[in-house]
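Chemist: Here it is, the structure, as structure tokens.
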Amino acid sequence: MTSTAGSREALQRSLLANPHQPDLWRRLSGQPDEPIAEPSSPAVVPTLPVAEPVLEAQLPDSRGLQRHFEPLDGDAAAAVAATQIQTLATHVAAGCHGQVLASLDLGTLLALVEALSPSECYALGHAAFVAQRHDLAGPLLQATADAGPAAGDLLPWAELFAARSALALGQRGPAADLLAALTQRDDAPHPTAAEAAFHAQLSLAWFDLENGQRDAAAARLDWLQASPFCSAHGAEVELVARVLSTLGWLHDNPRGQLPHVVDKAAECGFVAAIDSIGLSPCGTLLRIDGWIVDASRQLSEICLIRGACVHRLDLGAASYFSRPDLRDVQQRCGSPADHDAGLRLSRLFIADERSPLQAGEAAELFVVLHNGDQFCLRQLLQSLPLGTEQLKQVLNDAISDRCVLRSPAALARVRDAWYDEVQQRLSEPAEHQCHGLLDGAAGLSVVVPLYGRIDFMEYQLNWFNAWRRRRPDAPQLQLIYVLDDPSLEADFRALSKRCQTLYRMPFETVINPRNLGFAGANNRGAAFATAPWLLLFNSDVLPAHDLSIETMLKAMRQHHPAVAALGARLLFDNGAIQHVGMEFVKQEDLDGDLGHVWLNDHPLKGVNVGFSQAERLQLREVESITAACLLVATDHYRAVGGFDSHFIVGDFEDTDLCWKLRQSGGSLYVDLEASFFHLERQSVSLADASGLLRQKVVAANAFTHHQRWCSAIDRLKHCRLGATQS
């Protein structure tokens, strides 16, 4: 038995001679600290059932395209699009708004608007507003407003709800201007204009309160109370009056004496406490943690007061959980023992809604009960980190355990907050280092993100080193490894130094100071790419034969730009198929809303099947490609903006990229002749340990992807060719 270091080097030498032995790769990966016996001869490992590659001499100079779909710019696709719009318009006319919203994406919205009357646009836009799909509501309602007199009495209402959608999306300036214009139109020739002006004033009163403009809000309150519509909306006006009265009381009395708990068990069976109020330093994320025992369901409203600024909080976005330590309180209030008393309420602020956390700042929660009681609870604001785990927790509250999307507005704000956070992190410089120099200009840039595990880098470099020795005329590779896990920086530096010494294979490293997620890590690596072609490559992917990369590159050079992106045949370590392209499917047996959205599926996954030589010599058109191994022109990748960081951490950003590439020109293909082993998800084995939370993050990204591309996917399904063409 040799030493550990000697054993590892002996095994690496054996793999260098014959890298097609995944069992030994797994031994090297799974037992890094255990001594391994020195092999006296090349290890005898069963050969994997992988189809033999076509010999390089047999590869034709020109390979055909096996098309499966009509061209997006062709007449057949145009006819499908026209039929789709007609069908959606028919559903709108029938009042099936929910059905339309579930199958309408932004790319199809403008075409649908042209097919609808102003009243139909308003009806669908208002339905979208109620469903918190403000991304759809705004354009639909604005289309009604743009119709002017043709919109009739719907005009002021369209402007009102368009403004409220803009507020929900954080577009406060334009929304305030539109609301202010509405307040000046109460004498317009529309019978409903005065009522719409009342609601605009009410919205502006809250706008003033959020901005700390107490006097302006008080002036609007006077206007509201004098309006003939006040009696019909007394509760809303009364809440504004209560808030203003409370602000006055807080101004004249010592806030520091306010409690953090209230006990009204004897009066109405209500007891509540605020354990903490957290705010991220930039003012983006607010989280309230506490508990409420409310036997008679008295809780009506909660507002956050920060100095002179007041924010009305959405109780529908709160989540509740078990607090066994409160059984005595529940008994006093007459509440069932299984009542979930724990309370967590989060809110994300966007753009100019944000107000940074101040040192020593405290805040009050203004609580109103249905019986008319009101009170304030006070706590110091605690600094709350804004990171992946905190945003995942907001998603956890926005999506039920049965994967029902409880709050589409919260989902939209989470993905915007994640995007903003990633962009801010991307602005922080990363450390880029070259380990060795290429002999000439790179023909292919390969970007490999690393998270959770870094040892796969060594296995890949081992393979590429052996490949370069066996194929000295192969194209020069610019290998770019992006460390997206700062906790592993020290180990990564040591590994990089060892790999440079041991393999002498030139490579580059990029160390992110903070985690960017899969999309951000790939985008950062791609920023350093110098070759005309870019291969997105997972760290747990290894070529199954020497010609895989060259075959893909040759095919891409021949067919680009007709081929926008090219994937490969990915195999499990037992030789079964993991990926030969992806399809979009709906799985109605899944929980909640997941059963109604388009998901990614890998046809033939797990099947151990080969392909004939004729099949492997054709590039096969597919619906989408995994980014575990995806070849694209570097300029094309950059032109579409690369991966979109609105997808939380990972999942679905690869199909989103494929759609952007497809819509900017070209189709998606898989090269069956290029085969790779993919040890699926082993490279992120240290990721989130909570299965349910992980499922919700995947669901959130599935909802985002569906909202963007559902109409396009429907059209693609109808553009499938009846027979393949070469």
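Note on naming: chains are A, B, ... as they come in the structure tokens, residues start from 1 per chain, ligands start from 1 in the order shown.
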Could you give me, as a PDB file with N, CA and C atoms, in the first residue's frame, the residues within 12 Å of Val394 (chain A), counting only C-alpha atoms and dropping anything in the same chain fewer than 4 positions from it?
Modeler:
```
ATOM      1  N   LEU A 285     -35.221  44.241   1.668  1.00  0.00           N
ATOM      2  CA  LEU A 285     -35.978  43.151   2.282  1.00  0.00           C
ATOM      3  C   LEU A 285     -36.393  43.508   3.698  1.00  0.00           C
ATOM      4  N   LEU A 286     -37.689  43.438   3.948  1.00  0.00           N
ATOM      5  CA  LEU A 286     -38.266  43.609   5.287  1.00  0.00           C
ATOM      6  C   LEU A 286     -38.821  42.270   5.731  1.00  0.00           C
ATOM      7  N   ARG A 287     -38.537  41.877   6.983  1.00  0.00           N
ATOM      8  CA  ARG A 287     -39.110  40.653   7.512  1.00  0.00           C
ATOM      9  C   ARG A 287     -39.527  40.867   8.956  1.00  0.00           C
ATOM     10  N   ILE A 288     -40.760  40.500   9.236  1.00  0.00           N
ATOM     11  CA  ILE A 288     -41.326  40.623  10.576  1.00  0.00           C
ATOM     12  C   ILE A 288     -41.542  39.222  11.120  1.00  0.00           C
ATOM     13  N   ALA A 317     -49.888  37.855   2.407  1.00  0.00           N
ATOM     14  CA  ALA A 317     -48.545  37.348   2.125  1.00  0.00           C
ATOM     15  C   ALA A 317     -47.884  36.755   3.361  1.00  0.00           C
ATOM     16  N   ALA A 318     -48.574  36.793   4.502  1.00  0.00           N
ATOM     17  CA  ALA A 318     -48.000  36.260   5.738  1.00  0.00           C
ATOM     18  C   ALA A 318     -48.069  34.738   5.745  1.00  0.00           C
ATOM     19  N   SER A 319     -47.120  34.128   6.450  1.00  0.00           N
ATOM     20  CA  SER A 319     -47.150  32.685   6.649  1.00  0.00           C
ATOM     21  C   SER A 319     -47.209  32.405   8.149  1.00  0.00           C
ATOM     22  N   ARG A 344     -44.752  35.034  10.191  1.00  0.00           N
ATOM     23  CA  ARG A 344     -43.634  35.612   9.445  1.00  0.00           C
ATOM     24  C   ARG A 344     -44.216  36.371   8.263  1.00  0.00           C
ATOM     25  N   LEU A 345     -43.843  37.626   8.150  1.00  0.00           N
ATOM     26  CA  LEU A 345     -44.365  38.472   7.079  1.00  0.00           C
ATOM     27  C   LEU A 345     -43.195  39.194   6.431  1.00  0.00           C
ATOM     28  N   SER A 346     -43.034  39.001   5.113  1.00  0.00           N
ATOM     29  CA  SER A 346     -41.921  39.608   4.378  1.00  0.00           C
ATOM     30  C   SER A 346     -42.446  40.527   3.292  1.00  0.00           C
ATOM     31  N   ARG A 347     -41.643  41.517   2.986  1.00  0.00           N
ATOM     32  CA  ARG A 347     -41.956  42.390   1.856  1.00  0.00           C
ATOM     33  C   ARG A 347     -40.648  42.818   1.211  1.00  0.00           C
ATOM     34  N   LEU A 348     -40.661  42.842  -0.116  1.00  0.00           N
ATOM     35  CA  LEU A 348     -39.513  43.299  -0.885  1.00  0.00           C
ATOM     36  C   LEU A 348     -39.832  44.650  -1.503  1.00  0.00           C
ATOM     37  N   LEU A 386     -29.207  40.177   2.937  1.00  0.00           N
ATOM     38  CA  LEU A 386     -29.965  39.983   1.697  1.00  0.00           C
ATOM     39  C   LEU A 386     -29.157  39.053   0.822  1.00  0.00           C
ATOM     40  N   GLY A 387     -29.547  37.792   0.817  1.00  0.00           N
ATOM     41  CA  GLY A 387     -28.818  36.791   0.056  1.00  0.00           C
ATOM     42  C   GLY A 387     -29.744  35.711  -0.431  1.00  0.00           C
ATOM     43  N   THR A 388     -29.145  34.649  -0.910  1.00  0.00           N
ATOM     44  CA  THR A 388     -29.903  33.559  -1.505  1.00  0.00           C
ATOM     45  C   THR A 388     -30.899  32.965  -0.529  1.00  0.00           C
ATOM     46  N   GLU A 389     -30.454  32.687   0.689  1.00  0.00           N
ATOM     47  CA  GLU A 389     -31.329  32.013   1.639  1.00  0.00           C
ATOM     48  C   GLU A 389     -32.504  32.894   2.029  1.00  0.00           C
ATOM     49  N   GLN A 390     -32.276  34.195   2.177  1.00  0.00           N
ATOM     50  CA  GLN A 390     -33.378  35.095   2.554  1.00  0.00           C
ATOM     51  C   GLN A 390     -34.417  35.195   1.434  1.00  0.00           C
ATOM     52  N   ALA A 398     -44.394  32.615  -0.478  1.00  0.00           N
ATOM     53  CA  ALA A 398     -45.237  32.958  -1.632  1.00  0.00           C
ATOM     54  C   ALA A 398     -45.814  31.730  -2.315  1.00  0.00           C
ATOM     55  N   ILE A 399     -45.199  30.553  -2.101  1.00  0.00           N
ATOM     56  CA  ILE A 399     -45.645  29.310  -2.721  1.00  0.00           C
ATOM     57  C   ILE A 399     -46.004  28.328  -1.621  1.00  0.00           C
ATOM     58  N   SER A 400     -47.186  27.746  -1.694  1.00  0.00           N
ATOM     59  CA  SER A 400     -47.634  26.829  -0.648  1.00  0.00           C
ATOM     60  C   SER A 400     -46.877  25.512  -0.735  1.00  0.00           C
ATOM     61  N   ARG A 406     -49.262  31.379  -4.257  1.00  0.00           N
ATOM     62  CA  ARG A 406     -50.161  32.198  -3.444  1.00  0.00           C
ATOM     63  C   ARG A 406     -50.041  33.673  -3.786  1.00  0.00           C
ATOM     64  N   SER A 407     -48.859  34.118  -4.183  1.00  0.00           N
ATOM     65  CA  SER A 407     -48.626  35.539  -4.412  1.00  0.00           C
ATOM     66  C   SER A 407     -47.758  35.750  -5.648  1.00  0.00           C
ATOM     67  N   PRO A 408     -48.387  35.883  -6.829  1.00  0.00           N
ATOM     68  CA  PRO A 408     -47.603  36.176  -8.037  1.00  0.00           C
ATOM     69  C   PRO A 408     -46.812  37.477  -7.921  1.00  0.00           C
ATOM     70  N   ALA A 409     -47.363  38.461  -7.197  1.00  0.00           N
ATOM     71  CA  ALA A 409     -46.645  39.725  -7.033  1.00  0.00           C
ATOM     72  C   ALA A 409     -45.356  39.515  -6.254  1.00  0.00           C
ATOM     73  N   ALA A 410     -45.403  38.653  -5.225  1.00  0.00           N
ATOM     74  CA  ALA A 410     -44.195  38.369  -4.450  1.00  0.00           C
ATOM     75  C   ALA A 410     -43.160  37.660  -5.304  1.00  0.00           C
ATOM     76  N   LEU A 411     -43.595  36.737  -6.154  1.00  0.00           N
ATOM     77  CA  LEU A 411     -42.666  36.050  -7.057  1.00  0.00           C
ATOM     78  C   LEU A 411     -41.965  37.056  -7.963  1.00  0.00           C
ATOM     79  N   ALA A 412     -42.736  37.996  -8.521  1.00  0.00           N
ATOM     80  CA  ALA A 412     -42.145  38.999  -9.408  1.00  0.00           C
ATOM     81  C   ALA A 412     -41.114  39.832  -8.661  1.00  0.00           C
ATOM     82  N   ARG A 413     -41.392  40.160  -7.422  1.00  0.00           N
ATOM     83  CA  ARG A 413     -40.456  40.992  -6.658  1.00  0.00           C
ATOM     84  C   ARG A 413     -39.219  40.201  -6.239  1.00  0.00           C
ATOM     85  N   VAL A 414     -39.386  38.916  -5.951  1.00  0.00           N
ATOM     86  CA  VAL A 414     -38.227  38.104  -5.595  1.00  0.00           C
ATOM     87  C   VAL A 414     -37.265  38.006  -6.772  1.00  0.00           C
ATOM     88  N   ARG A 415     -37.793  37.723  -7.959  1.00  0.00           N
ATOM     89  CA  ARG A 415     -36.880  37.570  -9.101  1.00  0.00           C
ATOM     90  C   ARG A 415     -36.237  38.907  -9.470  1.00  0.00           C
ATOM     91  N   ALA A 417     -35.543  41.286  -7.247  1.00  0.00           N
ATOM     92  CA  ALA A 417     -34.552  41.522  -6.192  1.00  0.00           C
ATOM     93  C   ALA A 417     -33.316  40.661  -6.410  1.00  0.00           C
ATOM     94  N   TRP A 418     -33.524  39.395  -6.811  1.00  0.00           N
ATOM     95  CA  TRP A 418     -32.390  38.517  -7.085  1.00  0.00           C
ATOM     96  C   TRP A 418     -31.572  39.054  -8.259  1.00  0.00           C
ATOM     97  N   ILE A 648     -33.939  32.238 -10.087  1.00  0.00           N
ATOM     98  CA  ILE A 648     -33.316  32.175  -8.771  1.00  0.00           C
ATOM     99  C   ILE A 648     -32.347  31.001  -8.710  1.00  0.00           C
ATOM    100  N   LEU A 693     -38.043  23.140   0.201  1.00  0.00           N
ATOM    101  CA  LEU A 693     -37.651  24.472  -0.231  1.00  0.00           C
ATOM    102  C   LEU A 693     -37.034  24.422  -1.624  1.00  0.00           C
ATOM    103  N   LYS A 696     -39.704  24.318  -4.124  1.00  0.00           N
ATOM    104  CA  LYS A 696     -40.377  25.596  -4.324  1.00  0.00           C
ATOM    105  C   LYS A 696     -39.544  26.539  -5.193  1.00  0.00           C
ATOM    106  N   VAL A 697     -38.217  26.493  -5.037  1.00  0.00           N
ATOM    107  CA  VAL A 697     -37.364  27.326  -5.881  1.00  0.00           C
ATOM    108  C   VAL A 697     -37.485  26.886  -7.339  1.00  0.00           C
ATOM    109  N   ALA A 700     -40.771  28.111  -8.588  1.00  0.00           N
ATOM    110  CA  ALA A 700     -40.741  29.547  -8.876  1.00  0.00           C
ATOM    111  C   ALA A 700     -40.128  29.814 -10.243  1.00  0.00           C
TER     112      ALA A 700
END
```
Chemist: Can you work out which one of A:Arg662, A:Gly342, A:Val597, A:Phe643 has the shortest atom-to-atom distance to Asp714 (chain A), counting only C-alpha atoms?
Modeler: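 Closest to Asp714 (chain A) of all the choices is A:Val597.
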Chemist: Need to verify the contact set: Ser119 (chain A), 12 Å, only C-alpha atoms, exclusion of same-chain residues closer than 2 positions in sequence. Can you return it as an MDAnalysis selection string?
Modeler: chainID A and resid 92:93 95 113 115:117 121:126 140:155 157:158
Chemist: Can you spit out the residues from that selection as a compact mmCIF listing (two decimals), in the first residue's frame, using C-alpha atoms?
Modeler:
```txt
# COMPACT_ATOMS: atom_id res chain seq x y z
CA VAL A 92 -61.49 36.72 -24.08
CA ALA A 93 -64.82 37.43 -25.75
CA GLY A 95 -65.00 35.82 -20.57
CA VAL A 113 -54.05 43.60 -27.97
CA ALA A 115 -57.14 41.83 -31.98
CA LEU A 116 -59.17 43.05 -28.99
CA SER A 117 -61.58 45.93 -28.56
CA CYS A 121 -58.53 44.81 -23.26
CA TYR A 122 -59.92 46.34 -20.10
CA ALA A 123 -61.71 43.17 -18.99
CA LEU A 124 -58.60 41.03 -19.51
CA GLY A 125 -56.35 43.71 -17.99
CA HIS A 126 -58.51 44.00 -14.88
CA LEU A 140 -53.57 45.75 -21.46
CA LEU A 141 -54.96 48.60 -19.37
CA GLN A 142 -52.70 51.11 -21.08
CA ALA A 143 -54.01 49.90 -24.44
CA THR A 144 -57.52 50.72 -23.23
CA ALA A 145 -56.39 54.14 -22.05
CA ASP A 146 -54.64 54.78 -25.38
CA ALA A 147 -57.95 54.19 -27.16
CA GLY A 148 -59.12 57.54 -25.73
CA PRO A 149 -62.79 58.35 -26.35
CA ALA A 150 -63.31 54.92 -27.93
CA ALA A 151 -62.87 53.43 -24.44
CA GLY A 152 -65.96 55.30 -23.20
CA ASP A 153 -66.58 55.18 -19.46
CA LEU A 154 -63.83 52.59 -19.07
CA LEU A 155 -61.15 55.20 -19.81
CA TRP A 157 -60.79 53.07 -14.76
CA ALA A 158 -58.18 51.82 -17.22
```
Chemist: Return the single residue from A:Asp314, A:Asp589, A:Asp75, A:Glu159 that is closest to Ala137 (chain A), with distances computed using only C-alpha atoms.
Modeler: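 Using only C-alpha atoms, Ala137 (chain A) sits closest to A:Glu159.
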Chemist: Would you list the contacts of region 103-107 of chain A as a PyMOL selection string, taking every protein, DNA or RNA residue within 10 Å and counting only C-alpha atoms, but skipping same-chain residues closer than 5 positions in sequence?
Modeler: chain A and resi 85+88+98+112+135-136+139+596-598+705-714
Chemist: Compare A:Gln460, A:Ser487, A:Asn701, A:Asn211 by their minimum atom-to-atom distance to Asp540 (chain A), counting only C-alpha atoms, and give me the closest one.
Modeler: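 Of A:Gln460, A:Ser487, A:Asn701, A:Asn211, the one nearest Asp540 (chain A), counting only C-alpha atoms, is A:Gln460.
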Chemist: At a cut-off of 8 Å, using only C-alpha atoms, what residues contact region 490-507 of chain A? Leave out same-chain residues fewer than 6 positions from it and give the result as JSON, numbers by chain.
Modeler: {"A": [434, 435, 436, 437, 438, 454, 455, 458, 461, 462, 464, 465, 478, 479, 480, 481, 483]}
Chemist: Restrict the selected residues to N, CA and C atoms and save them as a PDB file, in the first residue's frame.
Modeler:
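Output below, filename again-v5.pdb:
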```
ATOM      1  N   CYS A 434      -4.470  33.431 -15.097  1.00  0.00           N
ATOM      2  CA  CYS A 434      -4.115  32.442 -16.113  1.00  0.00           C
ATOM      3  C   CYS A 434      -3.077  31.482 -15.538  1.00  0.00           C
ATOM      4  N   HIS A 435      -3.333  30.202 -15.677  1.00  0.00           N
ATOM      5  CA  HIS A 435      -2.416  29.161 -15.219  1.00  0.00           C
ATOM      6  C   HIS A 435      -1.827  28.492 -16.461  1.00  0.00           C
ATOM      7  N   GLY A 436      -0.727  29.006 -16.931  1.00  0.00           N
ATOM      8  CA  GLY A 436      -0.142  28.528 -18.172  1.00  0.00           C
ATOM      9  C   GLY A 436      -0.656  29.328 -19.355  1.00  0.00           C
ATOM     10  N   LEU A 437       0.033  29.214 -20.479  1.00  0.00           N
ATOM     11  CA  LEU A 437      -0.308  29.973 -21.674  1.00  0.00           C
ATOM     12  C   LEU A 437      -0.582  29.032 -22.838  1.00  0.00           C
ATOM     13  N   LEU A 438      -1.534  29.409 -23.675  1.00  0.00           N
ATOM     14  CA  LEU A 438      -1.838  28.649 -24.880  1.00  0.00           C
ATOM     15  C   LEU A 438      -0.738  28.854 -25.915  1.00  0.00           C
ATOM     16  N   ILE A 454     -15.318  21.194  -5.995  1.00  0.00           N
ATOM     17  CA  ILE A 454     -14.316  21.719  -6.922  1.00  0.00           C
ATOM     18  C   ILE A 454     -13.442  20.616  -7.503  1.00  0.00           C
ATOM     19  N   ASP A 455     -13.551  19.392  -6.955  1.00  0.00           N
ATOM     20  CA  ASP A 455     -12.640  18.324  -7.386  1.00  0.00           C
ATOM     21  C   ASP A 455     -12.857  17.906  -8.833  1.00  0.00           C
ATOM     22  N   GLU A 458     -10.234  18.891 -11.463  1.00  0.00           N
ATOM     23  CA  GLU A 458      -9.041  18.074 -11.632  1.00  0.00           C
ATOM     24  C   GLU A 458      -9.282  16.950 -12.626  1.00  0.00           C
ATOM     25  N   LEU A 461      -9.379  18.432 -16.184  1.00  0.00           N
ATOM     26  CA  LEU A 461      -8.046  18.818 -16.651  1.00  0.00           C
ATOM     27  C   LEU A 461      -7.205  17.597 -16.976  1.00  0.00           C
ATOM     28  N   ASN A 462      -7.377  16.546 -16.185  1.00  0.00           N
ATOM     29  CA  ASN A 462      -6.685  15.285 -16.473  1.00  0.00           C
ATOM     30  C   ASN A 462      -7.078  14.783 -17.863  1.00  0.00           C
ATOM     31  N   PHE A 464      -8.470  16.512 -20.402  1.00  0.00           N
ATOM     32  CA  PHE A 464      -8.051  17.425 -21.468  1.00  0.00           C
ATOM     33  C   PHE A 464      -6.549  17.326 -21.726  1.00  0.00           C
ATOM     34  N   ASN A 465      -5.769  17.098 -20.679  1.00  0.00           N
ATOM     35  CA  ASN A 465      -4.334  16.936 -20.844  1.00  0.00           C
ATOM     36  C   ASN A 465      -4.022  15.698 -21.688  1.00  0.00           C
ATOM     37  N   GLN A 478      -9.550  27.409 -24.517  1.00  0.00           N
ATOM     38  CA  GLN A 478      -9.441  28.342 -23.401  1.00  0.00           C
ATOM     39  C   GLN A 478     -10.379  27.840 -22.305  1.00  0.00           C
ATOM     40  N   LEU A 479      -9.817  27.163 -21.318  1.00  0.00           N
ATOM     41  CA  LEU A 479     -10.612  26.591 -20.232  1.00  0.00           C
ATOM     42  C   LEU A 479     -10.745  27.622 -19.122  1.00  0.00           C
ATOM     43  N   ILE A 480     -11.984  27.996 -18.809  1.00  0.00           N
ATOM     44  CA  ILE A 480     -12.245  29.029 -17.801  1.00  0.00           C
ATOM     45  C   ILE A 480     -13.070  28.412 -16.672  1.00  0.00           C
ATOM     46  N   TYR A 481     -12.476  28.259 -15.497  1.00  0.00           N
ATOM     47  CA  TYR A 481     -13.174  27.717 -14.334  1.00  0.00           C
ATOM     48  C   TYR A 481     -13.584  28.874 -13.421  1.00  0.00           C
ATOM     49  N   LEU A 483     -15.129  29.905  -9.932  1.00  0.00           N
ATOM     50  CA  LEU A 483     -15.493  29.492  -8.581  1.00  0.00           C
ATOM     51  C   LEU A 483     -16.611  30.393  -8.091  1.00  0.00           C
TER      52      LEU A 483
END
```
Chemist: If we count only C-alpha atoms, what is near region 240-248 of chain A at a cut-off of 10 Å, once residues fewer than 3 positions away on the same chain are taken out, given as a PyMOL selection string?
Modeler: chain A and resi 202+205-206+209+214-215+217-218+220-222+224-225+235-237+251-253+303+305+307-310+312+366-368+374-376
Chemist: Would you give me, as a PyMOL selection string, the residues in region 288-517 of chain A that DSSP reads as alpha helix (DSSP H)?
Modeler: chain A and resi 327-333+388-398+408-426+456-470+489-503+517
Chemist: Using only C-alpha atoms, which residues sit within 7 Å of Ala363 (chain A) once same-chain residues fewer than 3 positions away are excluded, as a ChimeraX atom specification?
Modeler: /A:305-306,378-381
Chemist: For those residues, write all heavy atoms to a file as a PDB file, in the first residue's frame.
Modeler:
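Below is the file result-v4.pdb, written as the result:
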```
ATOM      1  N   ILE A 305     -44.514  51.505  10.356  1.00  0.00           N
ATOM      2  CA  ILE A 305     -44.206  52.930  10.495  1.00  0.00           C
ATOM      3  C   ILE A 305     -42.710  53.077  10.760  1.00  0.00           C
ATOM      4  O   ILE A 305     -42.187  52.565  11.750  1.00  0.00           O
ATOM      5  CB  ILE A 305     -45.010  53.576  11.641  1.00  0.00           C
ATOM      6  CG1 ILE A 305     -46.516  53.408  11.397  1.00  0.00           C
ATOM      7  CG2 ILE A 305     -44.654  55.058  11.774  1.00  0.00           C
ATOM      8  CD1 ILE A 305     -47.381  53.958  12.509  1.00  0.00           C
ATOM      9  N   ARG A 306     -42.031  53.743   9.850  1.00  0.00           N
ATOM     10  CA  ARG A 306     -40.610  54.076  10.022  1.00  0.00           C
ATOM     11  C   ARG A 306     -40.486  55.588  10.034  1.00  0.00           C
ATOM     12  O   ARG A 306     -40.565  56.233   8.993  1.00  0.00           O
ATOM     13  CB  ARG A 306     -39.767  53.498   8.894  1.00  0.00           C
ATOM     14  CG  ARG A 306     -39.669  51.995   8.853  1.00  0.00           C
ATOM     15  CD  ARG A 306     -38.790  51.547   7.692  1.00  0.00           C
ATOM     16  NE  ARG A 306     -37.421  52.041   7.819  1.00  0.00           N
ATOM     17  CZ  ARG A 306     -36.529  52.037   6.819  1.00  0.00           C
ATOM     18  NH1 ARG A 306     -36.883  51.567   5.618  1.00  0.00           N
ATOM     19  NH2 ARG A 306     -35.300  52.504   7.014  1.00  0.00           N
ATOM     20  N   ARG A 378     -43.570  48.063  19.068  1.00  0.00           N
ATOM     21  CA  ARG A 378     -42.306  48.694  18.674  1.00  0.00           C
ATOM     22  C   ARG A 378     -41.149  47.722  18.855  1.00  0.00           C
ATOM     23  O   ARG A 378     -41.107  46.946  19.810  1.00  0.00           O
ATOM     24  CB  ARG A 378     -42.066  49.946  19.528  1.00  0.00           C
ATOM     25  CG  ARG A 378     -40.761  50.704  19.202  1.00  0.00           C
ATOM     26  CD  ARG A 378     -40.636  51.928  20.085  1.00  0.00           C
ATOM     27  NE  ARG A 378     -39.350  52.599  19.959  1.00  0.00           N
ATOM     28  CZ  ARG A 378     -39.057  53.527  19.062  1.00  0.00           C
ATOM     29  NH1 ARG A 378     -39.994  53.897  18.187  1.00  0.00           N
ATOM     30  NH2 ARG A 378     -37.875  54.092  19.020  1.00  0.00           N
ATOM     31  N   GLN A 379     -40.207  47.770  17.914  1.00  0.00           N
ATOM     32  CA  GLN A 379     -38.985  46.997  18.010  1.00  0.00           C
ATOM     33  C   GLN A 379     -37.860  47.752  17.294  1.00  0.00           C
ATOM     34  O   GLN A 379     -38.105  48.490  16.322  1.00  0.00           O
ATOM     35  CB  GLN A 379     -39.131  45.617  17.356  1.00  0.00           C
ATOM     36  CG  GLN A 379     -39.807  44.566  18.211  1.00  0.00           C
ATOM     37  CD  GLN A 379     -38.880  44.006  19.278  1.00  0.00           C
ATOM     38  OE1 GLN A 379     -37.858  44.604  19.608  1.00  0.00           O
ATOM     39  NE2 GLN A 379     -39.245  42.871  19.834  1.00  0.00           N
ATOM     40  N   LEU A 380     -36.636  47.569  17.778  1.00  0.00           N
ATOM     41  CA  LEU A 380     -35.479  48.053  17.039  1.00  0.00           C
ATOM     42  C   LEU A 380     -35.354  47.271  15.730  1.00  0.00           C
ATOM     43  O   LEU A 380     -35.623  46.071  15.692  1.00  0.00           O
ATOM     44  CB  LEU A 380     -34.207  47.891  17.860  1.00  0.00           C
ATOM     45  CG  LEU A 380     -34.011  48.842  19.044  1.00  0.00           C
ATOM     46  CD1 LEU A 380     -32.779  48.428  19.843  1.00  0.00           C
ATOM     47  CD2 LEU A 380     -33.859  50.284  18.558  1.00  0.00           C
ATOM     48  N   LEU A 381     -34.946  47.957  14.689  1.00  0.00           N
ATOM     49  CA  LEU A 381     -34.725  47.278  13.417  1.00  0.00           C
ATOM     50  C   LEU A 381     -33.376  46.570  13.455  1.00  0.00           C
ATOM     51  O   LEU A 381     -32.353  47.171  13.797  1.00  0.00           O
ATOM     52  CB  LEU A 381     -34.750  48.272  12.258  1.00  0.00           C
ATOM     53  CG  LEU A 381     -36.112  48.855  11.886  1.00  0.00           C
ATOM     54  CD1 LEU A 381     -35.963  49.847  10.747  1.00  0.00           C
ATOM     55  CD2 LEU A 381     -37.084  47.769  11.498  1.00  0.00           C
TER      56      LEU A 381
END
```
Chemist: From a DSSP pass on the backbone, collect the residues of region 585-621 of chain A flagged as strand (DSSP E) and hand them back as a ChimeraX atom specification.
Modeler: /A:585,599-601,619-621
Chemist: Would you write out those residues with N, CA and C atoms, as a PDB file, in the first residue's frame?
Modeler:
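Printed below is again.pdb as written:
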```
ATOM      1  N   VAL A 585     -43.196  19.791 -21.559  1.00  0.00           N
ATOM      2  CA  VAL A 585     -44.336  18.941 -21.246  1.00  0.00           C
ATOM      3  C   VAL A 585     -45.129  19.564 -20.106  1.00  0.00           C
ATOM      4  N   LEU A 599     -43.031  22.385 -18.394  1.00  0.00           N
ATOM      5  CA  LEU A 599     -41.819  21.961 -17.699  1.00  0.00           C
ATOM      6  C   LEU A 599     -40.839  21.351 -18.694  1.00  0.00           C
ATOM      7  N   ASN A 600     -39.591  21.217 -18.276  1.00  0.00           N
ATOM      8  CA  ASN A 600     -38.564  20.601 -19.119  1.00  0.00           C
ATOM      9  C   ASN A 600     -38.523  19.095 -18.888  1.00  0.00           C
ATOM     10  N   ASP A 601     -38.463  18.344 -19.974  1.00  0.00           N
ATOM     11  CA  ASP A 601     -38.390  16.892 -19.870  1.00  0.00           C
ATOM     12  C   ASP A 601     -37.281  16.384 -20.788  1.00  0.00           C
ATOM     13  N   LEU A 619     -27.515  16.177 -37.691  1.00  0.00           N
ATOM     14  CA  LEU A 619     -27.810  16.998 -36.518  1.00  0.00           C
ATOM     15  C   LEU A 619     -29.319  17.022 -36.325  1.00  0.00           C
ATOM     16  N   ARG A 620     -29.772  16.684 -35.129  1.00  0.00           N
ATOM     17  CA  ARG A 620     -31.206  16.527 -34.862  1.00  0.00           C
ATOM     18  C   ARG A 620     -31.768  17.795 -34.219  1.00  0.00           C
ATOM     19  N   GLU A 621     -32.808  18.387 -34.830  1.00  0.00           N
ATOM     20  CA  GLU A 621     -33.439  19.574 -34.259  1.00  0.00           C
ATOM     21  C   GLU A 621     -34.271  19.193 -33.038  1.00  0.00           C
TER      22      GLU A 621
END
```
